[in-house]
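Enquirer: My structure is stored as start_36.pdb, with PDB, C-alpha atoms, pLDDT in the B column.
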ATOM      1  CA  MET G   1      13.162  72.039  70.811  1.00 40.00           C
ATOM      2  CA  PHE G   2      15.852  70.943  73.279  1.00 40.00           C
ATOM      3  CA  LEU G   3      15.863  67.378  71.970  1.00 40.00           C
ATOM      4  CA  ALA G   4      16.725  68.467  68.452  1.00 37.00           C
ATOM      5  CA  LYS G   5      19.312  71.232  68.602  1.00 35.00           C
ATOM      6  CA  ALA G   6      21.702  69.679  66.132  1.00 32.00           C
ATOM      7  CA  PHE G   7      21.218  67.688  62.941  1.00 31.00           C
ATOM      8  CA  LEU G   8      23.739  66.543  60.373  1.00 31.00           C
ATOM      9  CA  GLU G   9      23.700  67.403  56.706  1.00 31.00           C
ATOM     10  CA  GLY G  10      25.800  64.501  55.436  1.00 33.00           C
ATOM     11  CA  ALA G  11      23.972  61.811  53.476  1.00 33.00           C
ATOM     12  CA  ASP G  12      24.803  58.144  53.892  1.00 38.00           C
ATOM     13  CA  ARG G  13      25.697  56.106  50.818  1.00 39.00           C
ATOM     14  CA  GLY G  14      22.690  54.857  48.876  1.00 44.00           C
ATOM     15  CA  LEU G  15      20.130  57.130  50.526  1.00 46.00           C
ATOM     16  CA  GLY G  16      18.357  58.123  47.343  1.00 45.00           C
ATOM     17  CA  GLU G  17      18.309  54.581  46.046  1.00 49.00           C
ATOM     18  CA  ALA G  18      16.903  53.235  49.311  1.00 49.00           C
ATOM     19  CA  LEU G  19      14.093  55.754  49.553  1.00 52.00           C
ATOM     20  CA  GLY G  20      13.419  55.525  45.835  1.00 48.00           C
ATOM     21  CA  GLY G  21      12.879  51.791  46.195  1.00 48.00           C
ATOM     22  CA  LEU G  22       9.987  52.220  48.594  1.00 46.00           C
ATOM     23  CA  LEU G  23       8.187  54.475  46.102  1.00 43.00           C
ATOM     24  CA  GLY G  24       7.921  51.519  43.768  1.00 43.00           C
ATOM     25  CA  GLY G  25       6.609  49.208  45.934  1.00 43.00           C
ATOM     26  CA  GLY G  26       2.790  48.437  61.056  1.00 37.00           C
ATOM     27  CA  GLY G  27       2.559  47.640  65.155  1.00 38.00           C
ATOM     28  CA  GLN G  28       5.205  46.357  67.520  1.00 40.00           C
ATOM     29  CA  ARG G  29       6.515  42.836  67.229  1.00 40.00           C
ATOM     30  CA  ARG G  30       5.118  41.229  70.301  1.00 40.00           C
ATOM     31  CA  GLY G  31       3.877  41.825  73.825  1.00 41.00           C
ATOM     32  CA  GLY G  32       5.586  41.212  77.131  1.00 42.00           C
ATOM     33  CA  GLY G  33       8.743  42.662  78.562  1.00 44.00           C
ATOM     34  CA  GLY G  34       9.418  46.152  79.792  1.00 43.00           C
ATOM     35  CA  GLY G  35       9.922  47.833  76.426  1.00 41.00           C
ATOM     36  CA  ARG G  36       6.870  47.191  74.304  1.00 38.00           C
ATOM     37  CA  GLY G  37       5.174  49.786  72.180  1.00 38.00           C
ATOM     38  CA  ASN G  38       6.787  53.191  72.571  1.00 37.00           C
ATOM     39  CA  VAL G  39       9.925  55.148  73.293  1.00 33.00           C
ATOM     40  CA  GLY G  40       8.644  56.900  76.421  1.00 34.00           C
ATOM     41  CA  GLY G  41       9.659  55.960  79.945  1.00 35.00           C
ATOM     42  CA  ILE G  42      12.562  56.745  82.219  1.00 30.00           C
ATOM     43  CA  VAL G  43      13.758  59.984  80.639  1.00 32.00           C
ATOM     44  CA  GLY G  44      14.521  61.649  83.927  1.00 35.00           C
ATOM     45  CA  GLY G  45      16.709  58.780  85.111  1.00 35.00           C
ATOM     46  CA  ILE G  46      18.612  58.658  81.854  1.00 32.00           C
ATOM     47  CA  VAL G  47      19.199  62.433  81.927  1.00 35.00           C
ATOM     48  CA  ASN G  48      20.513  62.228  85.479  1.00 36.00           C
ATOM     49  CA  LEU G  49      22.932  59.468  84.553  1.00 36.00           C
ATOM     50  CA  ILE G  50      24.117  61.121  81.370  1.00 35.00           C
ATOM     51  CA  SER G  51      24.762  64.305  83.311  1.00 38.00           C
ATOM     52  CA  GLU G  52      27.567  62.506  85.149  1.00 39.00           C
ATOM     53  CA  ALA G  53      30.794  62.545  83.158  1.00 35.00           C
ATOM     54  CA  ALA G  54      31.573  58.895  83.952  1.00 38.00           C
ATOM     55  CA  ALA G  55      28.119  57.590  83.114  1.00 44.00           C
ATOM     56  CA  ALA G  56      28.400  57.261  79.359  1.00 51.00           C
ATOM     57  CA  GLN G  57      30.359  58.360  76.350  1.00 56.00           C
ATOM     58  CA  TYR G  58      28.962  59.276  72.979  1.00 54.00           C
ATOM     59  CA  THR G  59      30.240  61.964  70.649  1.00 55.00           C
ATOM     60  CA  PRO G  60      27.743  63.032  67.991  1.00 51.00           C
ATOM     61  CA  GLU G  61      29.230  64.578  64.910  1.00 51.00           C
ATOM     62  CA  PRO G  62      29.149  68.386  65.025  1.00 44.00           C
ATOM     63  CA  PRO G  63      26.058  70.066  63.587  1.00 43.00           C
ATOM     64  CA  PRO G  64      26.289  71.958  60.318  1.00 44.00           C
ATOM     65  CA  THR G  65      26.788  75.686  60.417  1.00 43.00           C
ATOM     66  CA  GLN G  66      23.632  77.736  60.117  1.00 41.00           C
ATOM     67  CA  GLN G  67      22.982  78.558  56.478  1.00 46.00           C
ATOM     68  CA  HIS G  68      20.112  79.774  54.399  1.00 38.00           C
ATOM     69  CA  PHE G  69      18.087  76.902  53.017  1.00 42.00           C
ATOM     70  CA  THR G  70      18.805  77.835  49.396  1.00 47.00           C
ATOM     71  CA  ASN G  71      22.552  77.789  50.041  1.00 51.00           C
ATOM     72  CA  VAL G  72      22.241  74.302  51.494  1.00 52.00           C
ATOM     73  CA  GLU G  73      20.391  73.097  48.412  1.00 55.00           C
ATOM     74  CA  ALA G  74      22.928  74.666  46.053  1.00 59.00           C
ATOM     75  CA  ARG G  75      25.784  72.682  47.612  1.00 66.00           C
ATOM     76  CA  GLU G  76      24.014  69.339  47.711  1.00 69.00           C
ATOM     77  CA  SER G  77      25.424  66.320  45.941  1.00 77.00           C
ATOM     78  CA  GLU G  78      23.425  64.697  43.166  1.00 79.00           C
ATOM     79  CA  GLU G  79      22.526  61.830  45.509  1.00 72.00           C
ATOM     80  CA  VAL G  80      21.157  64.155  48.188  1.00 80.00           C
ATOM     81  CA  ARG G  81      19.278  66.106  45.538  1.00 82.00           C
ATOM     82  CA  ARG G  82      17.599  62.893  44.364  1.00 82.00           C
ATOM     83  CA  PHE G  83      16.814  62.021  47.964  1.00 82.00           C
ATOM     84  CA  ARG G  84      15.199  65.422  48.427  1.00 84.00           C
ATOM     85  CA  GLN G  85      13.069  64.812  45.317  1.00 84.00           C
ATOM     86  CA  TYR G  86      11.907  61.455  46.651  1.00 83.00           C
ATOM     87  CA  PHE G  87      11.142  63.032  49.998  1.00 86.00           C
ATOM     88  CA  ALA G  88       9.095  65.764  48.301  1.00 86.00           C
ATOM     89  CA  GLN G  89       6.955  63.104  46.626  1.00 85.00           C
ATOM     90  CA  LEU G  90       6.278  61.483  49.993  1.00 83.00           C
ATOM     91  CA  ALA G  91       5.898  64.645  52.068  1.00 86.00           C
ATOM     92  CA  GLY G  92       3.825  66.850  49.786  1.00 79.00           C
ATOM     93  CA  PRO G  93       3.947  70.631  49.312  1.00 85.00           C
ATOM     94  CA  ASP G  94       4.936  71.472  52.899  1.00 86.00           C
ATOM     95  CA  MET G  95       8.026  69.195  52.666  1.00 89.00           C
ATOM     96  CA  GLU G  96       7.286  67.721  56.093  1.00 92.00           C
ATOM     97  CA  VAL G  97       6.068  64.349  57.357  1.00 93.00           C
ATOM     98  CA  GLY G  98       4.043  63.627  60.463  1.00 93.00           C
ATOM     99  CA  ALA G  99       4.035  60.484  62.576  1.00 94.00           C
ATOM    100  CA  THR G 100       1.567  58.610  60.365  1.00 94.00           C
ATOM    101  CA  ASP G 101       3.530  59.417  57.206  1.00 92.00           C
ATOM    102  CA  LEU G 102       6.754  58.413  58.938  1.00 92.00           C
ATOM    103  CA  MET G 103       5.243  55.115  60.028  1.00 94.00           C
ATOM    104  CA  ASN G 104       4.075  54.349  56.492  1.00 91.00           C
ATOM    105  CA  ILE G 105       7.469  55.228  54.991  1.00 89.00           C
ATOM    106  CA  LEU G 106       9.527  53.245  57.491  1.00 91.00           C
ATOM    107  CA  ASN G 107       7.240  50.221  57.471  1.00 91.00           C
ATOM    108  CA  LYS G 108       7.274  50.029  53.677  1.00 89.00           C
ATOM    109  CA  VAL G 109      11.048  49.899  53.833  1.00 87.00           C
ATOM    110  CA  LEU G 110      11.056  47.359  56.679  1.00 88.00           C
ATOM    111  CA  SER G 111       8.656  45.110  54.775  1.00 89.00           C
ATOM    112  CA  LYS G 112      11.450  44.558  52.252  1.00 87.00           C
ATOM    113  CA  HIS G 113      13.817  43.349  54.996  1.00 87.00           C
ATOM    114  CA  LYS G 114      12.358  40.017  56.081  1.00 88.00           C
ATOM    115  CA  ASP G 115      15.593  39.114  57.858  1.00 87.00           C
ATOM    116  CA  LEU G 116      14.827  41.721  60.541  1.00 89.00           C
ATOM    117  CA  LYS G 117      11.723  39.737  61.556  1.00 90.00           C
ATOM    118  CA  THR G 118       9.710  42.820  62.437  1.00 91.00           C
ATOM    119  CA  ASP G 119       6.115  43.779  61.728  1.00 89.00           C
ATOM    120  CA  GLY G 120       7.102  47.439  61.645  1.00 92.00           C
ATOM    121  CA  PHE G 121       6.973  50.419  63.966  1.00 93.00           C
ATOM    122  CA  SER G 122       3.781  51.371  65.750  1.00 93.00           C
ATOM    123  CA  LEU G 123       2.203  54.816  65.401  1.00 94.00           C
ATOM    124  CA  ASP G 124       3.072  55.602  69.007  1.00 91.00           C
ATOM    125  CA  THR G 125       6.729  54.741  68.392  1.00 92.00           C
ATOM    126  CA  CYS G 126       6.783  56.971  65.318  1.00 94.00           C
ATOM    127  CA  ARG G 127       5.223  59.793  67.332  1.00 92.00           C
ATOM    128  CA  SER G 128       8.130  59.431  69.734  1.00 90.00           C
ATOM    129  CA  PHE G 129      10.599  59.483  66.834  1.00 92.00           C
ATOM    130  CA  VAL G 130       9.039  62.708  65.566  1.00 93.00           C
ATOM    131  CA  SER G 131       9.014  64.364  68.975  1.00 89.00           C
ATOM    132  CA  VAL G 132      12.710  63.789  69.680  1.00 87.00           C
ATOM    133  CA  MET G 133      13.741  64.904  66.183  1.00 86.00           C
ATOM    134  CA  ASP G 134      11.315  67.817  65.773  1.00 84.00           C
ATOM    135  CA  ASN G 135      13.512  70.920  65.843  1.00 77.00           C
ATOM    136  CA  ASP G 136      10.742  73.511  65.572  1.00 77.00           C
ATOM    137  CA  THR G 137       8.159  71.555  67.640  1.00 80.00           C
ATOM    138  CA  ASN G 138       5.508  71.679  64.925  1.00 86.00           C
ATOM    139  CA  GLY G 139       4.772  67.962  65.183  1.00 88.00           C
ATOM    140  CA  LYS G 140       6.435  67.074  61.866  1.00 92.00           C
ATOM    141  CA  LEU G 141       9.857  66.322  60.433  1.00 92.00           C
ATOM    142  CA  GLY G 142      11.368  68.494  57.727  1.00 91.00           C
ATOM    143  CA  PHE G 143      13.821  67.201  55.159  1.00 90.00           C
ATOM    144  CA  GLU G 144      17.013  67.651  57.208  1.00 89.00           C
ATOM    145  CA  GLU G 145      15.423  66.116  60.295  1.00 90.00           C
ATOM    146  CA  PHE G 146      14.143  63.141  58.332  1.00 91.00           C
ATOM    147  CA  LYS G 147      17.481  62.678  56.547  1.00 89.00           C
ATOM    148  CA  TYR G 148      19.329  62.620  59.853  1.00 90.00           C
ATOM    149  CA  LEU G 149      16.946  60.007  61.259  1.00 92.00           C
ATOM    150  CA  TRP G 150      17.146  57.985  58.042  1.00 90.00           C
ATOM    151  CA  ASN G 151      20.954  57.927  58.118  1.00 90.00           C
ATOM    152  CA  ASN G 152      20.969  56.718  61.705  1.00 92.00           C
ATOM    153  CA  LEU G 153      18.380  54.035  61.035  1.00 92.00           C
ATOM    154  CA  LYS G 154      20.464  52.684  58.170  1.00 90.00           C
ATOM    155  CA  LYS G 155      23.616  52.628  60.294  1.00 93.00           C
ATOM    156  CA  TRP G 156      21.917  51.020  63.288  1.00 94.00           C
ATOM    157  CA  GLN G 157      20.166  48.468  61.100  1.00 93.00           C
ATOM    158  CA  CYS G 158      23.589  47.294  59.927  1.00 93.00           C
ATOM    159  CA  VAL G 159      24.780  47.025  63.539  1.00 95.00           C
ATOM    160  CA  TYR G 160      21.705  44.999  64.463  1.00 95.00           C
ATOM    161  CA  LYS G 161      22.224  42.564  61.601  1.00 93.00           C
ATOM    162  CA  GLN G 162      25.893  42.181  62.459  1.00 94.00           C
ATOM    163  CA  TYR G 163      25.147  41.164  66.052  1.00 95.00           C
ATOM    164  CA  ASP G 164      22.033  39.076  65.351  1.00 94.00           C
ATOM    165  CA  GLN G 165      24.320  36.307  64.153  1.00 89.00           C
ATOM    166  CA  ASP G 166      21.803  33.494  64.600  1.00 89.00           C
ATOM    167  CA  HIS G 167      19.127  35.443  62.665  1.00 89.00           C
ATOM    168  CA  SER G 168      16.678  34.981  65.535  1.00 91.00           C
ATOM    169  CA  GLY G 169      15.230  38.477  65.239  1.00 91.00           C
ATOM    170  CA  PHE G 170      16.508  39.311  68.731  1.00 93.00           C
ATOM    171  CA  LEU G 171      19.739  40.450  70.306  1.00 95.00           C
ATOM    172  CA  ARG G 172      20.576  38.286  73.305  1.00 92.00           C
ATOM    173  CA  SER G 173      21.901  39.912  76.453  1.00 88.00           C
ATOM    174  CA  SER G 174      25.359  38.565  75.551  1.00 88.00           C
ATOM    175  CA  GLN G 175      25.180  40.420  72.206  1.00 92.00           C
ATOM    176  CA  LEU G 176      23.484  43.610  73.303  1.00 93.00           C
ATOM    177  CA  ARG G 177      26.333  45.415  75.024  1.00 92.00           C
ATOM    178  CA  GLY G 178      28.598  44.927  72.005  1.00 94.00           C
ATOM    179  CA  ALA G 179      25.834  46.155  69.689  1.00 95.00           C
ATOM    180  CA  LEU G 180      25.343  49.332  71.734  1.00 94.00           C
ATOM    181  CA  GLN G 181      29.083  49.958  71.695  1.00 93.00           C
ATOM    182  CA  ALA G 182      29.224  49.373  67.941  1.00 95.00           C
ATOM    183  CA  ALA G 183      26.449  51.962  67.590  1.00 94.00           C
ATOM    184  CA  GLY G 184      28.737  54.432  69.372  1.00 91.00           C
ATOM    185  CA  PHE G 185      27.416  54.351  72.942  1.00 91.00           C
ATOM    186  CA  GLN G 186      29.788  53.574  75.816  1.00 89.00           C
ATOM    187  CA  LEU G 187      27.458  53.151  78.793  1.00 89.00           C
ATOM    188  CA  ASN G 188      28.178  52.473  82.433  1.00 90.00           C
ATOM    189  CA  GLU G 189      26.633  49.446  84.131  1.00 92.00           C
ATOM    190  CA  GLN G 190      23.834  51.348  85.864  1.00 92.00           C
ATOM    191  CA  LEU G 191      22.598  52.975  82.677  1.00 91.00           C
ATOM    192  CA  TYR G 192      23.000  49.724  80.757  1.00 92.00           C
ATOM    193  CA  GLN G 193      20.800  47.888  83.276  1.00 92.00           C
ATOM    194  CA  MET G 194      18.174  50.659  83.108  1.00 93.00           C
ATOM    195  CA  ILE G 195      18.046  50.255  79.336  1.00 93.00           C
ATOM    196  CA  ILE G 196      17.648  46.491  79.696  1.00 93.00           C
ATOM    197  CA  ARG G 197      14.741  46.942  82.106  1.00 93.00           C
ATOM    198  CA  ARG G 198      13.081  49.518  79.832  1.00 93.00           C
ATOM    199  CA  TYR G 199      13.578  48.088  76.346  1.00 94.00           C
ATOM    200  CA  ALA G 200      14.358  44.375  76.670  1.00 95.00           C
ATOM    201  CA  ASP G 201      12.185  41.333  77.308  1.00 94.00           C
ATOM    202  CA  GLU G 202      12.230  39.530  80.619  1.00 92.00           C
ATOM    203  CA  ASP G 203      14.994  37.238  79.392  1.00 91.00           C
ATOM    204  CA  GLY G 204      17.165  40.245  78.486  1.00 91.00           C
ATOM    205  CA  SER G 205      16.732  39.958  74.716  1.00 94.00           C
ATOM    206  CA  MET G 206      15.796  42.927  72.539  1.00 96.00           C
ATOM    207  CA  ASP G 207      14.045  42.930  69.165  1.00 94.00           C
ATOM    208  CA  PHE G 208      14.779  45.286  66.271  1.00 95.00           C
ATOM    209  CA  ASN G 209      12.016  47.773  67.084  1.00 94.00           C
ATOM    210  CA  ASN G 210      13.144  48.282  70.657  1.00 95.00           C
ATOM    211  CA  PHE G 211      16.813  48.378  69.684  1.00 96.00           C
ATOM    212  CA  ILE G 212      16.108  51.242  67.283  1.00 95.00           C
ATOM    213  CA  SER G 213      13.780  52.991  69.743  1.00 94.00           C
ATOM    214  CA  CYS G 214      16.467  52.835  72.422  1.00 94.00           C
ATOM    215  CA  LEU G 215      19.165  54.269  70.138  1.00 94.00           C
ATOM    216  CA  VAL G 216      16.944  57.066  68.834  1.00 93.00           C
ATOM    217  CA  ARG G 217      16.257  58.100  72.416  1.00 91.00           C
ATOM    218  CA  LEU G 218      19.886  57.831  73.522  1.00 91.00           C
ATOM    219  CA  ASP G 219      21.089  59.874  70.559  1.00 91.00           C
ATOM    220  CA  ALA G 220      18.465  62.551  71.216  1.00 88.00           C
ATOM    221  CA  MET G 221      19.237  62.785  74.922  1.00 88.00           C
ATOM    222  CA  PHE G 222      22.973  63.101  74.317  1.00 87.00           C
ATOM    223  CA  ARG G 223      22.347  65.850  71.772  1.00 86.00           C
ATOM    224  CA  ALA G 224      19.982  67.646  74.131  1.00 84.00           C
ATOM    225  CA  PHE G 225      22.535  67.537  76.930  1.00 86.00           C
ATOM    226  CA  LYS G 226      25.409  68.718  74.732  1.00 86.00           C
ATOM    227  CA  SER G 227      23.343  71.610  73.403  1.00 83.00           C
ATOM    228  CA  LEU G 228      22.630  72.742  76.975  1.00 84.00           C
ATOM    229  CA  ASP G 229      26.166  72.094  78.266  1.00 86.00           C
ATOM    230  CA  ARG G 230      27.433  75.346  76.778  1.00 85.00           C
ATOM    231  CA  ASP G 231      30.745  75.392  78.649  1.00 86.00           C
ATOM    232  CA  ALA G 232      31.353  71.649  78.054  1.00 85.00           C
ATOM    233  CA  ASP G 233      31.996  70.902  81.728  1.00 86.00           C
ATOM    234  CA  GLY G 234      29.680  67.870  81.843  1.00 85.00           C
ATOM    235  CA  GLN G 235      27.021  69.658  83.899  1.00 88.00           C
ATOM    236  CA  ILE G 236      23.884  71.576  82.980  1.00 87.00           C
ATOM    237  CA  LYS G 237      21.473  73.873  84.769  1.00 87.00           C
ATOM    238  CA  VAL G 238      17.913  74.102  83.452  1.00 86.00           C
ATOM    239  CA  SER G 239      14.837  76.010  84.458  1.00 88.00           C
ATOM    240  CA  ILE G 240      11.565  74.235  85.221  1.00 89.00           C
ATOM    241  CA  GLN G 241      10.240  75.423  81.856  1.00 87.00           C
ATOM    242  CA  GLU G 242      13.249  73.963  80.015  1.00 82.00           C
ATOM    243  CA  TRP G 243      12.989  70.734  81.981  1.00 83.00           C
ATOM    244  CA  LEU G 244       9.301  70.311  81.142  1.00 83.00           C
ATOM    245  CA  GLN G 245       9.948  70.999  77.461  1.00 78.00           C
ATOM    246  CA  LEU G 246      12.814  68.536  77.501  1.00 75.00           C
ATOM    247  CA  THR G 247      10.892  65.707  79.145  1.00 76.00           C
ATOM    248  CA  MET G 248       7.272  66.142  78.096  1.00 77.00           C
ATOM    249  CA  TYR G 249       7.647  66.494  74.328  1.00 69.00           C
ATOM    250  CA  SER G 250       9.471  63.255  73.713  1.00 62.00           C
TER     251      SER G 250
END
Any chance you could put this one into structure tokens?

Expert:
Amino acid sequence: MFLAKAFLEGADRGLGEALGGLLGGGGQRRGGGGGRGNVGGIVGGIVNLISEAAAAQYTPEPPPTQQHFTNVEARESEEVRRFRQYFAQLAGPDMEVGATDLMNILNKVLSKHKDLKTDGFSLDTCRSFVSVMDNDTNGKLGFEEFKYLWNNLKKWQCVYKQYDQDHSGFLRSSQLRGALQAAGFQLNEQLYQMIIRRYADEDGSMDFNNFISCLVRLDAMFRAFKSLDRDADGQIKVSIQEWLQLTMYS
């Protein structure tokens, strides 16, 4: 629950069209390197670094005010309403998707983007996506949670394409720092090197799957910290129970 305190309502342009396209219509890319296969790893180290004010800068947009679900639906744009309809077709009566459903949805979309040179996300990676976005810890993503993830994936996909200028399917170490900054993350050198060791290959390059996995985790950890930093002084105090919930379900 601590990794998903705040989610945005705003829909990115073309959301309904993008998800609608997959209705008409996995595994990690390759082995080797420190970042293959999942989004787990050095959570504790990243939390410790983020807890220092000088370690990194990232300002998520503020969460929406708490409203009754019907009020949210009543104010939706036509595009978001269409997106909700598409999501309902994919999710079923409970309007939620689990890790397997998420993997199938994302990989159908990725299969239409040959320029990304990816075989799709693995089930384990999608489990990690669900865990860091799962606000009520029921093991599934509701509509707002999925929409927030979808918006970020679209934005970060554009960043990846912009910096993969040679269309190699990898971001070189010389491109990676700029790509992370373009995604909104200003990281200090220590945290940057930790990310390289965790998510990049031995030569310092990072493929699309690991780039997205890294950003999903960074975004979630920043949101978790900000939700716990109630007086906004750049420091948090957590109980052992909160710490275990924060680190184990992710």

Enquirer: On this file, the PyMOL selection byres ((chain G and resi 103) around 10) gives some set of residues; write that set as a PyMOL selection string.

Expert: chain G and resi 26-27+97-102+104-109+120-127+129

Enquirer: Could you please determine the separation between atom CA of G:Phe143 and atom CA of G:Ser131 in Å, to one decimal place?

Expert: 14.9 Å

Enquirer: Applying the PyMOL selection byres ((chain G and resi 176-186) around 10) to the file I just gave you, which residues come out? Please list them as a ChimeraX atom specification.

Expert: /G:54-60,152,155-164,170-175,187-189,191-192,196,200,204-206,211,214-215,218-219,222

Enquirer: Any chance you could export the current selection's C-alpha atoms as a PDB file, keeping the file's coordinate frame?

Expert:
ATOM      1  CA  ALA G  54      31.573  58.895  83.952  1.00 38.00           C
ATOM      2  CA  ALA G  55      28.119  57.590  83.114  1.00 44.00           C
ATOM      3  CA  ALA G  56      28.400  57.261  79.359  1.00 51.00           C
ATOM      4  CA  GLN G  57      30.359  58.360  76.350  1.00 56.00           C
ATOM      5  CA  TYR G  58      28.962  59.276  72.979  1.00 54.00           C
ATOM      6  CA  THR G  59      30.240  61.964  70.649  1.00 55.00           C
ATOM      7  CA  PRO G  60      27.743  63.032  67.991  1.00 51.00           C
ATOM      8  CA  ASN G 152      20.969  56.718  61.705  1.00 92.00           C
ATOM      9  CA  LYS G 155      23.616  52.628  60.294  1.00 93.00           C
ATOM     10  CA  TRP G 156      21.917  51.020  63.288  1.00 94.00           C
ATOM     11  CA  GLN G 157      20.166  48.468  61.100  1.00 93.00           C
ATOM     12  CA  CYS G 158      23.589  47.294  59.927  1.00 93.00           C
ATOM     13  CA  VAL G 159      24.780  47.025  63.539  1.00 95.00           C
ATOM     14  CA  TYR G 160      21.705  44.999  64.463  1.00 95.00           C
ATOM     15  CA  LYS G 161      22.224  42.564  61.601  1.00 93.00           C
ATOM     16  CA  GLN G 162      25.893  42.181  62.459  1.00 94.00           C
ATOM     17  CA  TYR G 163      25.147  41.164  66.052  1.00 95.00           C
ATOM     18  CA  ASP G 164      22.033  39.076  65.351  1.00 94.00           C
ATOM     19  CA  PHE G 170      16.508  39.311  68.731  1.00 93.00           C
ATOM     20  CA  LEU G 171      19.739  40.450  70.306  1.00 95.00           C
ATOM     21  CA  ARG G 172      20.576  38.286  73.305  1.00 92.00           C
ATOM     22  CA  SER G 173      21.901  39.912  76.453  1.00 88.00           C
ATOM     23  CA  SER G 174      25.359  38.565  75.551  1.00 88.00           C
ATOM     24  CA  GLN G 175      25.180  40.420  72.206  1.00 92.00           C
ATOM     25  CA  LEU G 187      27.458  53.151  78.793  1.00 89.00           C
ATOM     26  CA  ASN G 188      28.178  52.473  82.433  1.00 90.00           C
ATOM     27  CA  GLU G 189      26.633  49.446  84.131  1.00 92.00           C
ATOM     28  CA  LEU G 191      22.598  52.975  82.677  1.00 91.00           C
ATOM     29  CA  TYR G 192      23.000  49.724  80.757  1.00 92.00           C
ATOM     30  CA  ILE G 196      17.648  46.491  79.696  1.00 93.00           C
ATOM     31  CA  ALA G 200      14.358  44.375  76.670  1.00 95.00           C
ATOM     32  CA  GLY G 204      17.165  40.245  78.486  1.00 91.00           C
ATOM     33  CA  SER G 205      16.732  39.958  74.716  1.00 94.00           C
ATOM     34  CA  MET G 206      15.796  42.927  72.539  1.00 96.00           C
ATOM     35  CA  PHE G 211      16.813  48.378  69.684  1.00 96.00           C
ATOM     36  CA  CYS G 214      16.467  52.835  72.422  1.00 94.00           C
ATOM     37  CA  LEU G 215      19.165  54.269  70.138  1.00 94.00           C
ATOM     38  CA  LEU G 218      19.886  57.831  73.522  1.00 91.00           C
ATOM     39  CA  ASP G 219      21.089  59.874  70.559  1.00 91.00           C
ATOM     40  CA  PHE G 222      22.973  63.101  74.317  1.00 87.00           C
TER      41      PHE G 222
END

Enquirer: Go ahead and compute the interatomic distance for atom CA of G:Asp229 and atom CA of G:Asn210, in Å to one decimal.

Expert: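 Result for atom CA of G:Asp229 versus atom CA of G:Asn210: 28.2 Å, one decimal.
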
Enquirer: To one decimal in Å, tell me the separation between atom CA of G:Gln245 and atom CA of G:Thr137.

Expert: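 Computing the Euclidean distance for atom CA of G:Gln245 and atom CA of G:Thr137 yields 10.0 Å.
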
Enquirer: Taking 3 positions as the minimum chain separation for residues in the same chain, which residues sit within 9 Å of G:Arg84 when counting only C-alpha atoms? Answer as a tab-separated table (two decimals) with C-alpha atoms, in the frame of the given file.

Expert:
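So the final result, stored in out-v1.tsv, reads:
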chain	number	residue	atom	x	y	z
G	16	GLY	CA	18.36	58.12	47.34
G	79	GLU	CA	22.53	61.83	45.51
G	80	VAL	CA	21.16	64.16	48.19
G	81	ARG	CA	19.28	66.11	45.54
G	87	PHE	CA	11.14	63.03	50.00
G	88	ALA	CA	9.10	65.76	48.30
G	89	GLN	CA	6.96	63.10	46.63
G	143	PHE	CA	13.82	67.20	55.16
G	147	LYS	CA	17.48	62.68	56.55

Enquirer: For G:Leu116, which of G:Ser213, G:Gln165, G:Gln190, G:Ala232 is the closest residue, counting all atoms listed in the file?

Expert: G:Gln165

Enquirer: Run the PyMOL selection byres ((chain G and resi 141) around 7) mentally over the shown coordinates, then write out the matched residues as an mmCIF file with C-alpha atoms, keeping the file's coordinate frame, using the chain letters and numbers from the document.

Expert:
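Below you can see result25.cif, which holds the result:
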data_model
loop_
_atom_site.group_PDB
_atom_site.id
_atom_site.type_symbol
_atom_site.label_atom_id
_atom_site.label_comp_id
_atom_site.auth_asym_id
_atom_site.auth_seq_id
_atom_site.Cartn_x
_atom_site.Cartn_y
_atom_site.Cartn_z
ATOM 1 C CA GLU G 96 7.286 67.721 56.093
ATOM 2 C CA VAL G 97 6.068 64.349 57.357
ATOM 3 C CA GLY G 98 4.043 63.627 60.463
ATOM 4 C CA VAL G 130 9.039 62.708 65.566
ATOM 5 C CA ASP G 134 11.315 67.817 65.773
ATOM 6 C CA LYS G 140 6.435 67.074 61.866
ATOM 7 C CA GLY G 142 11.368 68.494 57.727
ATOM 8 C CA PHE G 143 13.821 67.201 55.159
ATOM 9 C CA GLU G 145 15.423 66.116 60.295
ATOM 10 C CA PHE G 146 14.143 63.141 58.332
#

Enquirer: Would you please work out which residue, of G:Glu78, G:Arg217, G:Thr118, G:Met133, is nearest to G:Arg198 when using all atoms listed in the file?

Expert: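 Of the candidates, the smallest distance to G:Arg198 is held by G:Arg217.
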